[in-house]
Amino acid sequence: MRVHVPTPLRSYTGASLVEAHGITLGALLLDLDRRYPGLRFRVVDEQDRLRPHVRFFVNGQQVFDLGRPLGPEDELHVVQALSGG
Amino acid sequence: MTTRRRSASTTLLVSTRKGLWLLRGDAARRRWRVQGPHFLGHVVSHAVLDPRDGHTLLAAAKTGHLGPTVFRSTDLGRSWKEAVRPPAFRKARKGEQGRAVDHTFWLTPGHPSRPDSWYAGSSPQGLFHSGDGGVCWEPVSGFNDAPEIRPLLGGPQDGTPDGPKLHSINVDPRDPDHLLLGMSSGGVHESRDEGRTWARLIDGMEVVEGFDVGNAAFHDPHCVRMAPSDPDRLWQQNHCGIYRLDRPATAWRRVGRAMPKAVGDIGFPMVVHPRDADVAWVFPMDGTSVWPRTSPDGKPAVYVTRDAGRRWRRLAVGLPKRQAWWTVMRQAMAADGGAPVGLYLGTTGGELWASRDEGARWSCLARHLPEIYAVEAAGPGR
């Protein structure tokens with residue numbers, strides 16, 4: 001499936017749009033980490049919690065659960081959510 | 001064992017809320033070349049040059065949105081690689097509250113006999129070790145999971161607004177198994193077996209009025225230093241004063257009582273002379289009423305003792321004389337190895353100041369940097 005990558009993560013992917021696979025959001029992030037080592041820990045902590053200033057949208061709907069099922073035609077947007085100066 | 005390279009010049013590592021800068025001085029420490037920013041936009045809590053090889057740099061970083069990591073350079077900052085496994089707590093067992101590193105706060109190279117050993121302290125508080133030069137990090141279970149320490153570690157809702165910090169990791173140059181660290185809050189702790197077991201070292205330290213002095217959770221060491229020339233001499237800048245401890249004694253003495261009353265003995269950094277354990281410098285800040293934590297009366301000054309804390313002398317030549325409300329963080333003041341010793345301090349207002357003569361005269365090296373979190377000095381001769 002297509003994954004839109006925000007600028008803070010492009011030092012890993014080298015591109016704004018990449019392909020990755022997984023039957024859940026968690027599996028997809030593991031696949032992204034295999035392709036781009038180190039990326040997952042920047043967006044998911046060691047207790048498998050999504051980091052608070054990174055947001056995930058599947059087909060335009062925000063998701064908070066790594067167990068969220070995904071299909072091959074789904075599209076994921078990873079978005080940075082900064083606050084403060 | 002790695003060959004130690006003694007540099008003829010001084011390198012400053014200036015970690016800021018928006019990136020890392022390196023300043024390279026000439027042999028006289030008069031002319032400085034600025035290199036950076038590295039990691040522009042990253043919150044860099046601490047960066048350290050490995051004194052064991054003279055060219056490996058580690059930097060603890062995160063961004064506003066991305067999780068924490070450690071970057072590593074083996075060519076003095078020309079190129080960087082991210083740690084393969086940055087400091088992280090172990091996965092929580094069922095029913096346990098899981099802890100996650102918000103940021104790595106402190107980095108300390110290990111003992112010279114163990115050239116790839118590094119320690120890291122985090123917020124929320126945790127101790128981590130790398131045995132491969134900072135590539136892969138493991139939690140130090142003897143500390144992080146010890147039943148007597150676990151209640152002190154705190155979580156994101158405890159401690160200061162930016163989270164409680166594990167800091168001041170000291171490795172005894174005579175004994176790689178002997179470690180000393182500070183918890184802010186949580187007290188001073190010491191291990192004699194490379195981190196497997198720990199003992200508290202809080203006797204003599206004071207706490208905020210009305211709290212139990214016997215409870216380590218109420219102790220807030222801001223910076224703890226083992227004197228490089230005599231590791232039995234410990235120095236500490238605490239939330240409640242300046243202290244000294246000479247081993248084998250076990251009780252701290254509040255030597256800050258000898259500071260001028262109008263200035264007080266509150267502050268964050270503690271710097272010790274590299275060759276004379278009786279000489280130490282502090283940067284007092286206002287700890288009255290609501291704790292402004294700025295230079296008392298808007299007049300920045302460094303204070304030095306040359307007799308192990310019996311007397312303190314004001315050093316302010318070259319520093320602004322009035323209306324300068326500086327804050328200097330606990331890692332943001334450092335000494336080099338020169339003769340005379342060079343001193344460096346960075347302010348939260350983004351100014352870097354230096355003295356080539358042990359604090360007698362000061363000049364500004366850089367302005368307009370982001371908020372300075374840490375300053376480390378490497379060389380000359382160190």
# chains A, B, ... in the order shown; residues from 1 in each chain; ligands from 1
>>> interface_residues(of="chain B", to="chain A", cutoff="8 Å", atoms="only C-alpha atoms", output="list in words")
Gly64, His65, Leu66, Gly67, Pro68, Thr69, Glu82, Val84, Arg85, Ala88, Phe89, Arg90, Lys91, Ala92, Gly98, Arg99, Ala100 and Val101 of chain B
>>> write_last_selection(atoms="N, CA and C atoms", output="compact mmCIF listing (two decimals), in the first residue's frame")
# COMPACT_ATOMS: atom_id res chain seq x y z
N GLY B 64 10.55 17.67 17.94
CA GLY B 64 9.27 17.96 18.58
C GLY B 64 8.27 16.84 18.39
N HIS B 65 8.39 16.09 17.30
CA HIS B 65 7.39 15.06 17.02
C HIS B 65 7.93 13.66 17.06
N LEU B 66 9.20 13.48 16.70
CA LEU B 66 9.75 12.13 16.62
C LEU B 66 10.35 11.70 17.95
N GLY B 67 10.42 10.41 18.18
CA GLY B 67 10.95 9.87 19.42
C GLY B 67 12.46 10.06 19.54
N PRO B 68 12.99 9.70 20.70
CA PRO B 68 14.40 9.98 21.01
C PRO B 68 15.36 9.03 20.32
N THR B 69 16.55 9.53 20.04
CA THR B 69 17.58 8.67 19.46
C THR B 69 18.95 9.18 19.86
N GLU B 82 22.84 7.01 12.89
CA GLU B 82 21.94 6.86 14.03
C GLU B 82 22.20 5.52 14.73
N VAL B 84 21.57 1.98 16.17
CA VAL B 84 20.67 0.92 15.69
C VAL B 84 19.57 0.65 16.72
N ARG B 85 19.95 0.67 17.99
CA ARG B 85 18.96 0.47 19.07
C ARG B 85 19.20 1.56 20.13
N ALA B 88 16.13 2.58 25.41
CA ALA B 88 14.69 2.34 25.56
C ALA B 88 14.49 1.39 26.73
N PHE B 89 13.41 1.59 27.46
CA PHE B 89 13.10 0.68 28.57
C PHE B 89 12.69 -0.68 28.01
N ARG B 90 12.76 -1.70 28.86
CA ARG B 90 12.30 -3.02 28.42
C ARG B 90 10.78 -2.98 28.30
N LYS B 91 10.27 -3.88 27.46
CA LYS B 91 8.83 -3.98 27.27
C LYS B 91 8.19 -4.37 28.59
N ALA B 92 7.09 -3.72 28.94
CA ALA B 92 6.41 -4.00 30.21
C ALA B 92 5.82 -5.40 30.21
N GLY B 98 4.03 0.40 31.63
CA GLY B 98 5.18 0.50 30.72
C GLY B 98 5.81 1.87 30.75
N ARG B 99 7.12 1.90 30.72
CA ARG B 99 7.85 3.18 30.69
C ARG B 99 8.47 3.38 29.32
N ALA B 100 8.46 4.62 28.88
CA ALA B 100 9.06 4.94 27.58
C ALA B 100 9.99 6.13 27.74
N VAL B 101 11.15 6.05 27.13
CA VAL B 101 12.10 7.17 27.18
C VAL B 101 11.51 8.34 26.40
>>> residues_around(residues="Arg33 in chain B", least_positions_apart="5", cutoff="12 Å", atoms="only C-alpha atoms", output="list of chain:residue names")
B:Ser9, B:Thr10, B:Thr11, B:Leu12, B:Trp21, B:Leu22, B:Leu23, B:Arg24, B:Gly25, B:Asp26, B:Leu365, B:Ala366
>>> select_by_dssp(residues="range 225-377 of chain B", states="strand (DSSP E or B)", output="ChimeraX atom specification")
/B:225-226,233-238,241-246,253,267-272,280-284,302-305,313-315,317,331,333-335,343-346,352-355,361,363-366,372-377
>>> closest_residue(among="A:Asp31, A:Leu76, A:Leu25, A:Tyr36", to="Arg10 in chain A", atoms="only C-alpha atoms")
A:Tyr36
>>> residues_around(residues="Thr24 in chain A", least_positions_apart="4", cutoff="10 Å", atoms="only C-alpha atoms", output="PyMOL selection string")
chain A and resi 28-30+65-71
>>> select_by_dssp(residues="chain A", states="helix (DSSP H, G or I)", output="PyMOL selection string")
chain A and resi 7-13+25-35+39-43
>>> residues_around(residues="Leu369 in chain B", least_positions_apart="4", cutoff="8 Å", atoms="only C-alpha atoms", output="JSON, numbers by chain")
{"B": [16, 349, 350, 351]}
>>> write_last_selection(atoms="N, CA and C atoms", output="CSV table (one decimal), in the first residue's frame")
chain,number,residue,atom,x,y,z
B,16,THR,N,21.9,22.5,21.9
B,16,THR,CA,20.8,23.4,22.0
B,16,THR,C,19.4,22.8,21.7
B,349,GLY,N,19.5,32.0,26.9
B,349,GLY,CA,19.3,33.0,25.9
B,349,GLY,C,20.2,32.9,24.7
B,350,GLY,N,20.9,31.8,24.6
B,350,GLY,CA,21.7,31.5,23.4
B,350,GLY,C,23.0,32.1,23.3
B,351,GLU,N,23.6,32.5,24.4
B,351,GLU,CA,24.9,33.1,24.4
B,351,GLU,C,26.0,32.1,25.0
>>> residues_around(residues="range 280-285 of chain B", least_positions_apart="3", cutoff="10 Å", atoms="only C-alpha atoms", output="count of residues only")
60
>>> residues_around(residues="range 217-220 of chain B", least_positions_apart="5", cutoff="9 Å", atoms="only C-alpha atoms", output="PDB file with C-alpha atoms, in the first residue's frame")
ATOM      1  CA  PRO B 151       9.610   4.185  43.145  1.00  0.00           C
ATOM      2  CA  LEU B 152      12.151   7.016  42.702  1.00  0.00           C
ATOM      3  CA  LEU B 153      12.289   6.869  38.917  1.00  0.00           C
ATOM      4  CA  GLY B 182      22.351  11.858  40.352  1.00  0.00           C
ATOM      5  CA  MET B 183      18.580  11.729  40.112  1.00  0.00           C
ATOM      6  CA  SER B 184      16.650  14.942  39.859  1.00  0.00           C
ATOM      7  CA  SER B 185      14.741  14.148  41.949  1.00  0.00           C
ATOM      8  CA  GLY B 186      15.748  10.954  43.722  1.00  0.00           C
ATOM      9  CA  GLY B 187      19.137  11.586  45.334  1.00  0.00           C
ATOM     10  CA  VAL B 188      22.697  10.443  44.673  1.00  0.00           C
ATOM     11  CA  ILE B 202      22.246  11.299  50.619  1.00  0.00           C
ATOM     12  CA  MET B 205      22.053  16.688  51.962  1.00  0.00           C
ATOM     13  CA  GLU B 206      19.185  19.023  52.770  1.00  0.00           C
ATOM     14  CA  VAL B 207      15.680  19.017  51.333  1.00  0.00           C
ATOM     15  CA  VAL B 208      12.966  21.626  50.941  1.00  0.00           C
ATOM     16  CA  PHE B 211       9.927  17.305  53.862  1.00  0.00           C
ATOM     17  CA  ASP B 212      11.499  14.103  55.173  1.00  0.00           C
ATOM     18  CA  ASN B 238      21.937  20.724  44.713  1.00  0.00           C
ATOM     19  CA  HIS B 239      18.488  22.308  44.717  1.00  0.00           C
ATOM     20  CA  CYS B 240      19.339  23.018  48.357  1.00  0.00           C
TER      21      CYS B 240
END
>>> atom_distance(atom1="CA of Ala146 in chain B", atom2="CA of Ser191 in chain B")
12.4 Å
>>> atom_distance(atom1="CA of His46 in chain B", atom2="CA of Glu138 in chain B")
18.7 Å
>>> residues_around(residues="Val58 in chain A", least_positions_apart="4", cutoff="7 Å", atoms="only C-alpha atoms", output="list in words")
Gln62, Val63, Asp74, Glu75, Leu76 and His77 of chain A
>>> atom_distance(atom1="CA of Ala316 in chain B", atom2="CA of Asp230 in chain B")
27.9 Å
>>> closest_residue(among="B:Ala61, B:Ala354, B:Ile149, B:Val135", to="Lys81 in chain B", atoms="only C-alpha atoms")
B:Val135
>>> closest_residue(among="B:Cys364, B:Leu127, B:Ala339, B:Leu234", to="Gly195 in chain B", atoms="only C-alpha atoms")
B:Leu127
